[in-house]
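Have a look at final15.pdb; it's PDB, C-alpha atoms:
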```
ATOM      1  CA  MET A  12      12.967 -15.269  -5.187
ATOM      2  CA  ASN A  13      11.283 -12.415  -7.082
ATOM      3  CA  VAL A  14      11.204  -8.689  -6.356
ATOM      4  CA  SER A  15       9.759  -5.596  -8.003
ATOM      5  CA  CYS A  16      10.196  -1.978  -6.952
ATOM      6  CA  ALA A  17       8.690   1.327  -8.065
ATOM      7  CA  VAL A  18       9.771   4.828  -6.971
ATOM      8  CA  SER A  19       8.529   8.297  -7.844
ATOM      9  CA  GLU A  20       7.770  11.709  -6.412
ATOM     10  CA  PRO A  21       4.110  12.576  -5.819
ATOM     11  CA  ALA A  22       3.926  15.212  -8.559
ATOM     12  CA  ASP A  23       6.325  13.542 -11.009
ATOM     13  CA  GLU A  24       4.905  11.364 -13.764
ATOM     14  CA  ARG A  25       8.219   9.548 -14.144
ATOM     15  CA  VAL A  26       8.541   6.194 -12.397
ATOM     16  CA  THR A  27      11.704   4.201 -11.789
ATOM     17  CA  MET A  28      10.935   0.489 -11.968
ATOM     18  CA  GLY A  29      13.030  -2.504 -11.008
ATOM     19  CA  GLY A  30      11.588  -5.902 -11.838
ATOM     20  CA  ASP A  31       7.997  -6.603 -12.793
ATOM     21  CA  GLY A  32       5.204  -9.139 -12.464
ATOM     22  CA  ARG A  33       2.203  -9.593 -10.193
ATOM     23  CA  PHE A  34       2.547 -10.502  -6.533
ATOM     24  CA  ALA A  35       0.193 -11.591  -3.782
ATOM     25  CA  SER A  36      -0.612  -8.415  -1.894
ATOM     26  CA  ALA A  37      -0.791  -9.833   1.635
ATOM     27  CA  SER A  38      -1.681  -6.999   4.002
ATOM     28  CA  ILE A  39      -0.716  -4.048   1.809
ATOM     29  CA  VAL A  40      -4.182  -4.524   0.288
ATOM     30  CA  LYS A  41      -5.567  -3.072   3.512
ATOM     31  CA  VAL A  42      -4.720   0.422   2.258
ATOM     32  CA  GLY A  43      -6.868  -0.287  -0.782
ATOM     33  CA  ILE A  44      -9.693  -1.643   1.373
ATOM     34  CA  LEU A  45      -9.698   1.546   3.449
ATOM     35  CA  ALA A  46      -9.560   3.714   0.333
ATOM     36  CA  ALA A  47     -12.546   1.800  -1.074
ATOM     37  CA  LEU A  48     -14.494   2.234   2.169
ATOM     38  CA  LEU A  49     -13.841   5.981   2.283
ATOM     39  CA  LEU A  50     -14.602   6.403  -1.409
ATOM     40  CA  GLN A  51     -17.950   4.628  -1.030
ATOM     41  CA  ALA A  52     -18.804   6.724   2.027
ATOM     42  CA  GLN A  53     -17.816   9.841   0.105
ATOM     43  CA  ASP A  54     -20.110   8.851  -2.781
ATOM     44  CA  THR A  55     -23.125   8.606  -0.490
ATOM     45  CA  GLY A  56     -22.238  11.585   1.684
ATOM     46  CA  ARG A  57     -22.079   9.594   4.901
ATOM     47  CA  ARG A  58     -19.587   9.533   7.752
ATOM     48  CA  LEU A  59     -17.951   6.339   8.947
ATOM     49  CA  GLY A  60     -19.543   4.785  11.995
ATOM     50  CA  ALA A  61     -17.647   4.295  15.246
ATOM     51  CA  ARG A  62     -17.136   0.596  14.544
ATOM     52  CA  GLU A  63     -15.799   1.312  11.045
ATOM     53  CA  GLU A  64     -13.409   3.901  12.468
ATOM     54  CA  ALA A  65     -12.140   1.363  15.014
ATOM     55  CA  TYR A  66     -11.741  -1.295  12.335
ATOM     56  CA  ALA A  67      -9.844   1.119  10.073
ATOM     57  CA  ASP A  68      -7.444   2.037  12.873
ATOM     58  CA  ALA A  69      -6.792  -1.598  13.785
ATOM     59  CA  MET A  70      -6.474  -2.702  10.153
ATOM     60  CA  ILE A  71      -3.803  -0.160   9.200
ATOM     61  CA  ARG A  72      -1.927   0.528  12.429
ATOM     62  CA  ARG A  73      -1.854  -3.065  13.758
ATOM     63  CA  SER A  74      -2.602  -4.926  10.527
ATOM     64  CA  ASP A  75      -5.530  -6.645  12.254
ATOM     65  CA  ASN A  76      -6.919  -9.321   9.942
ATOM     66  CA  ASP A  77     -10.359  -9.576  11.548
ATOM     67  CA  ALA A  78     -10.849  -5.833  11.070
ATOM     68  CA  ALA A  79      -9.774  -6.171   7.446
ATOM     69  CA  THR A  80     -12.229  -9.014   6.863
ATOM     70  CA  ALA A  81     -15.075  -6.949   8.314
ATOM     71  CA  LEU A  82     -14.303  -3.934   6.130
ATOM     72  CA  TRP A  83     -13.701  -6.175   3.103
ATOM     73  CA  ALA A  84     -17.294  -7.337   3.446
ATOM     74  CA  SER A  85     -18.473  -3.744   3.871
ATOM     75  CA  VAL A  86     -16.932  -2.608   0.572
ATOM     76  CA  GLY A  87     -18.440  -5.527  -1.352
ATOM     77  CA  GLY A  88     -15.521  -7.945  -1.340
ATOM     78  CA  ALA A  89     -13.457  -8.495  -4.458
ATOM     79  CA  ALA A  90     -15.917  -6.795  -6.819
ATOM     80  CA  GLY A  91     -16.179  -3.714  -4.622
ATOM     81  CA  LEU A  92     -12.430  -3.420  -4.255
ATOM     82  CA  ASP A  93     -11.792  -3.831  -7.987
ATOM     83  CA  THR A  94     -14.306  -1.083  -8.770
ATOM     84  CA  ALA A  95     -12.828   1.341  -6.251
ATOM     85  CA  LEU A  96      -9.226   0.688  -7.243
ATOM     86  CA  GLY A  97     -10.106   1.154 -10.895
ATOM     87  CA  ARG A  98     -11.399   4.619 -10.073
ATOM     88  CA  LEU A  99      -8.123   5.348  -8.279
ATOM     89  CA  GLY A 100      -6.066   4.500 -11.355
ATOM     90  CA  LEU A 101      -4.985   0.932 -10.633
ATOM     91  CA  THR A 102      -5.125  -1.126 -13.838
ATOM     92  CA  GLU A 103      -3.080  -4.237 -13.014
ATOM     93  CA  THR A 104      -4.599  -5.309  -9.686
ATOM     94  CA  ARG A 105      -7.135  -8.130  -9.404
ATOM     95  CA  ALA A 106      -8.849  -8.810  -6.103
ATOM     96  CA  ASP A 107      -9.206 -12.380  -4.868
ATOM     97  CA  ARG A 108     -12.010 -13.818  -2.754
ATOM     98  CA  ALA A 109      -9.322 -14.129  -0.060
ATOM     99  CA  TRP A 110      -8.210 -10.505   0.249
ATOM    100  CA  GLY A 111      -4.585 -11.360   1.079
ATOM    101  CA  ARG A 112      -4.210 -13.202  -2.221
ATOM    102  CA  THR A 113      -5.168 -10.160  -4.275
ATOM    103  CA  GLN A 114      -2.725  -9.906  -7.181
ATOM    104  CA  THR A 115      -1.025  -6.543  -7.685
ATOM    105  CA  THR A 116       2.066  -4.856  -9.103
ATOM    106  CA  ALA A 117       4.559  -2.336  -7.774
ATOM    107  CA  ARG A 118       3.415   0.146 -10.423
ATOM    108  CA  ASP A 119      -0.209  -0.159  -9.297
ATOM    109  CA  GLN A 120       0.760   0.273  -5.656
ATOM    110  CA  LEU A 121       2.546   3.469  -6.635
ATOM    111  CA  ALA A 122      -0.701   4.610  -8.281
ATOM    112  CA  LEU A 123      -2.521   3.969  -4.998
ATOM    113  CA  LEU A 124       0.095   5.971  -3.101
ATOM    114  CA  ARG A 125      -0.356   8.845  -5.574
ATOM    115  CA  ALA A 126      -4.095   8.787  -4.902
ATOM    116  CA  VAL A 127      -3.356   9.219  -1.193
ATOM    117  CA  PHE A 128      -0.265  11.429  -1.157
ATOM    118  CA  GLY A 129      -0.196  13.072  -4.590
ATOM    119  CA  PRO A 130      -1.306  16.598  -5.506
ATOM    120  CA  VAL A 131      -5.067  17.116  -5.406
ATOM    121  CA  ASP A 132      -5.054  18.815  -8.811
ATOM    122  CA  THR A 133      -4.193  15.559 -10.605
ATOM    123  CA  PRO A 134      -6.638  12.863 -11.731
ATOM    124  CA  ALA A 135      -5.380  10.431  -9.085
ATOM    125  CA  GLY A 136      -5.307  12.992  -6.318
ATOM    126  CA  SER A 137      -8.760  14.359  -6.996
ATOM    127  CA  VAL A 138     -10.772  11.139  -6.574
ATOM    128  CA  LEU A 139     -10.509  10.792  -2.808
ATOM    129  CA  SER A 140     -11.568  13.744  -0.684
ATOM    130  CA  GLU A 141      -8.936  15.629   1.278
ATOM    131  CA  ASP A 142     -10.408  14.196   4.473
ATOM    132  CA  ALA A 143     -10.109  10.643   3.163
ATOM    133  CA  ARG A 144      -6.528  11.184   2.026
ATOM    134  CA  THR A 145      -5.598  12.663   5.390
ATOM    135  CA  ARG A 146      -7.176   9.764   7.294
ATOM    136  CA  ILE A 147      -5.283   7.152   5.334
ATOM    137  CA  GLY A 148      -1.996   9.039   5.546
ATOM    138  CA  ARG A 149      -2.228   9.605   9.287
ATOM    139  CA  LEU A 150      -2.930   5.960   9.999
ATOM    140  CA  MET A 151       0.041   4.916   7.853
ATOM    141  CA  GLU A 152       2.215   7.380   9.778
ATOM    142  CA  ARG A 153       1.198   5.754  13.054
ATOM    143  CA  VAL A 154       1.695   2.029  12.492
ATOM    144  CA  VAL A 155       2.842   0.221  15.615
ATOM    145  CA  PRO A 156       6.651   0.158  16.045
ATOM    146  CA  ALA A 157       6.916  -3.572  15.343
ATOM    147  CA  GLN A 158       5.484  -2.950  11.857
ATOM    148  CA  ALA A 159       7.402   0.208  10.984
ATOM    149  CA  TRP A 160       9.974  -1.620   8.861
ATOM    150  CA  GLY A 161      10.119  -1.847   5.069
ATOM    151  CA  VAL A 162      10.318   1.218   2.835
ATOM    152  CA  SER A 163      10.686   3.331   5.986
ATOM    153  CA  ALA A 164      14.337   2.204   6.003
ATOM    154  CA  ALA A 165      14.922   4.405   2.945
ATOM    155  CA  GLY A 166      14.118   7.761   4.550
ATOM    156  CA  SER A 167      12.531   9.656   7.419
ATOM    157  CA  GLY A 168       8.986  10.675   8.334
ATOM    158  CA  ALA A 169       7.590   7.466   6.887
ATOM    159  CA  ALA A 170       3.970   6.602   6.261
ATOM    160  CA  VAL A 171       3.998   2.862   5.624
ATOM    161  CA  LYS A 172       1.948  -0.322   5.274
ATOM    162  CA  ASN A 173       3.575  -3.712   5.112
ATOM    163  CA  GLY A 174       2.336  -7.171   4.228
ATOM    164  CA  TRP A 175       3.708 -10.664   4.778
ATOM    165  CA  MET A 176       2.468 -14.231   4.524
ATOM    166  CA  PRO A 177       3.600 -17.772   3.655
ATOM    167  CA  ARG A 178       2.808 -18.001  -0.052
ATOM    168  CA  ASP A 179       3.029 -21.647  -1.140
ATOM    169  CA  PRO A 180       3.087 -25.254   0.099
ATOM    170  CA  GLU A 181       6.846 -24.996   0.628
ATOM    171  CA  GLY A 182       6.262 -22.209   3.139
ATOM    172  CA  LEU A 183       8.100 -19.538   1.178
ATOM    173  CA  TRP A 184       7.130 -16.009   2.135
ATOM    174  CA  ALA A 185       5.692 -13.019   0.313
ATOM    175  CA  VAL A 186       6.912  -9.773   1.906
ATOM    176  CA  ASN A 187       5.755  -6.360   0.657
ATOM    177  CA  SER A 188       6.038  -2.736   1.723
ATOM    178  CA  ILE A 189       4.520   0.493   0.394
ATOM    179  CA  GLY A 190       4.713   4.050   1.629
ATOM    180  CA  ARG A 191       5.970   7.608   1.602
ATOM    181  CA  VAL A 192       9.357   8.747   2.884
ATOM    182  CA  SER A 193      11.345  11.977   2.977
ATOM    183  CA  VAL A 194      14.945  12.134   1.741
ATOM    184  CA  ASP A 195      16.977  15.341   1.646
ATOM    185  CA  GLY A 196      13.819  17.418   1.794
ATOM    186  CA  ARG A 197      12.160  15.493  -1.033
ATOM    187  CA  THR A 198       9.042  13.357  -0.675
ATOM    188  CA  LEU A 199       9.212   9.973  -2.370
ATOM    189  CA  LEU A 200       6.634   7.240  -2.909
ATOM    190  CA  VAL A 201       8.030   3.715  -2.792
ATOM    191  CA  ALA A 202       6.557   0.250  -3.368
ATOM    192  CA  VAL A 203       8.554  -2.978  -3.003
ATOM    193  CA  LEU A 204       6.871  -6.343  -3.618
ATOM    194  CA  SER A 205       8.608  -9.708  -3.259
ATOM    195  CA  ASP A 206       8.095 -13.436  -2.788
ATOM    196  CA  GLY A 207       9.999 -16.700  -2.539
ATOM    197  CA  HIS A 208      11.728 -15.955   0.791
ATOM    198  CA  ALA A 209      12.755 -18.785   3.102
ATOM    199  CA  THR A 210      11.800 -16.677   6.139
ATOM    200  CA  ARG A 211       9.874 -13.507   6.876
ATOM    201  CA  GLU A 212      13.045 -11.948   8.254
ATOM    202  CA  ALA A 213      14.921 -12.596   5.004
ATOM    203  CA  GLY A 214      12.103 -10.928   3.109
ATOM    204  CA  VAL A 215      12.141  -7.865   5.350
ATOM    205  CA  ALA A 216      15.904  -7.503   4.923
ATOM    206  CA  LEU A 217      15.638  -7.707   1.132
ATOM    207  CA  VAL A 218      12.723  -5.270   0.935
ATOM    208  CA  GLU A 219      14.602  -2.723   3.023
ATOM    209  CA  ARG A 220      17.784  -3.097   0.975
ATOM    210  CA  VAL A 221      15.929  -2.730  -2.305
ATOM    211  CA  ALA A 222      14.045   0.323  -1.003
ATOM    212  CA  ARG A 223      17.261   2.024   0.114
ATOM    213  CA  GLU A 224      19.009   1.320  -3.177
ATOM    214  CA  ALA A 225      16.068   2.449  -5.297
ATOM    215  CA  VAL A 226      15.600   5.684  -3.353
ATOM    216  CA  ALA A 227      19.338   6.447  -3.468
ATOM    217  CA  GLU A 228      19.291   5.948  -7.240
ATOM    218  CA  TRP A 229      16.301   8.301  -7.618
ATOM    219  CA  VAL A 230      17.939  11.011  -5.510
ATOM    220  CA  ARG A 231      21.164  10.789  -7.551
ATOM    221  CA  ARG A 232      19.304  11.498 -10.804
TER     222      ARG A 232
END
```
Any chance you could give the structure as structure tokens?
Amino acid sequence: MNVSCAVSEPADERVTMGGDGRFASASIVKVGILAALLLQAQDTGRRLGAREEAYADAMIRRSDNDAATALWASVGGAAGLDTALGRLGLTETRADRAWGRTQTTARDQLALLRAVFGPVDTPAGSVLSEDARTRIGRLMERVVPAQAWGVSAAGSGAAVKNGWMPRDPEGLWAVNSIGRVSVDGRTLLVAVLSDGHATREAGVALVERVAREAVAEWVRR
């Protein structure tokens, strides 16, 4: 079993890391897919169509895979995602032809969260428009109750996206969670990536424990 965690505040350049390595993204990549879609629309000055809006809602709030596959094609697949994420400051993520197998790190996922939730007067915060950032954040705040686990266990007012999938022939699970939480009036960005779990439930329990411990350590600093 492997786990990596990254915690920071939106305007703080310091990052607390626990563990390292690349992990299969599973469905947390859907935040990146939506960011890529909105960034491309922003570049051309167009608004999302009704179908794209519906796909975005289903992809983030319900983690709908068919919606993700449709938007993955719209952004240009792996090449389109890599280009967009590079602009958002992710340097360690490599998209796969199967979007759920995209390889990423906790540090890179924190960079993506900064692009969405960080101050607009920073390089990461200035790439996406305020409208795009708001759209992503609101969808992450409104995930269906059954998927509101993960880093949300570490605080209140969570905006979250989780991912899970059997990772290898033995059926071991990858379980990941990224998001924003509030603790004692402070906003924190948290990413926990893990694999090698015997069950999805075991992975969820570990991710939540690691998130709580990492956030508590940050707040004590």
Using the chain letters and numbers from the file, which residues does the PyMOL selection byres ((chain A and resi 80-97) around 8) grab, as a PyMOL selection string?
-> chain A and resi 43-48+50-51+63+66-67+76-79+98-102+104-108+110+123
May I have the residues from that selection written out with C-alpha atoms, as a CSV table (one decimal), in the coordinates of the input?
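File part33.csv, as written:
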```csv
chain,number,residue,atom,x,y,z
A,43,GLY,CA,-6.9,-0.3,-0.8
A,44,ILE,CA,-9.7,-1.6,1.4
A,45,LEU,CA,-9.7,1.5,3.4
A,46,ALA,CA,-9.6,3.7,0.3
A,47,ALA,CA,-12.5,1.8,-1.1
A,48,LEU,CA,-14.5,2.2,2.2
A,50,LEU,CA,-14.6,6.4,-1.4
A,51,GLN,CA,-18.0,4.6,-1.0
A,63,GLU,CA,-15.8,1.3,11.0
A,66,TYR,CA,-11.7,-1.3,12.3
A,67,ALA,CA,-9.8,1.1,10.1
A,76,ASN,CA,-6.9,-9.3,9.9
A,77,ASP,CA,-10.4,-9.6,11.5
A,78,ALA,CA,-10.8,-5.8,11.1
A,79,ALA,CA,-9.8,-6.2,7.4
A,98,ARG,CA,-11.4,4.6,-10.1
A,99,LEU,CA,-8.1,5.3,-8.3
A,100,GLY,CA,-6.1,4.5,-11.4
A,101,LEU,CA,-5.0,0.9,-10.6
A,102,THR,CA,-5.1,-1.1,-13.8
A,104,THR,CA,-4.6,-5.3,-9.7
A,105,ARG,CA,-7.1,-8.1,-9.4
A,106,ALA,CA,-8.8,-8.8,-6.1
A,107,ASP,CA,-9.2,-12.4,-4.9
A,108,ARG,CA,-12.0,-13.8,-2.8
A,110,TRP,CA,-8.2,-10.5,0.2
A,123,LEU,CA,-2.5,4.0,-5.0
```
Restricting to only C-alpha atoms, whichever of A:Asp195, A:Asp206, A:Glu103, A:Glu152 is closest to Pro177 (chain A) is A:Asp206
Apply the PyMOL selection byres ((chain A and resi 171-173) around 9) to the displayed file and report the matching residues as an MDAnalysis selection string.
-> chainID A and resid 37:42 71:72 74 148 150:154 158:163 169:170 174:175 186:192
Which residues fall under the PyMOL selection byres ((chain A and resi 214) around 12) in this file, as a ChimeraX atom specification?
-> /A:12-14,160-161,173-177,183-188,203-213,215-221
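Rounded to one decimal, CA of Val127 (chain A) and CA of Leu200 (chain A) lie 10.3 Å from each other.
Between CA of Leu124 (chain A) and CA of Pro156 (chain A) the interatomic distance comes to 21.1 Å.
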What gap, in Å, lies between CA of Arg232 (chain A) and CA of Thr116 (chain A)?
->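 Separation of CA of Arg232 (chain A) and CA of Thr116 (chain A): 23.8 Å.
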Shell around region 128-133 of chain A at 7 Å using all atoms listed in the file, local window under 4 positions removed, as a CSV table (one decimal) with C-alpha atoms, in the coordinates of the input:
```
chain,number,residue,atom,x,y,z
A,21,PRO,CA,4.1,12.6,-5.8
A,22,ALA,CA,3.9,15.2,-8.6
A,124,LEU,CA,0.1,6.0,-3.1
A,137,SER,CA,-8.8,14.4,-7.0
```
Counting all atoms listed in the file, figure out which residue out of A:Ala35, A:Thr27, A:Ala202, A:Leu49 gets nearest to Glu141 (chain A).
->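 For Glu141 (chain A), the nearest of the given residues is A:Leu49.
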Any idea what's packed within 8 Å of Glu20 (chain A), counting only C-alpha atoms, ignoring anything in its chain fewer than 3 positions away? Could you give it as a PyMOL selection string?
-> chain A and resi 23-24+197-200
Residues just named, written with C-alpha atoms as a CSV table (one decimal), keeping the file's coordinate frame:
```
chain,number,residue,atom,x,y,z
A,23,ASP,CA,6.3,13.5,-11.0
A,24,GLU,CA,4.9,11.4,-13.8
A,197,ARG,CA,12.2,15.5,-1.0
A,198,THR,CA,9.0,13.4,-0.7
A,199,LEU,CA,9.2,10.0,-2.4
A,200,LEU,CA,6.6,7.2,-2.9
```
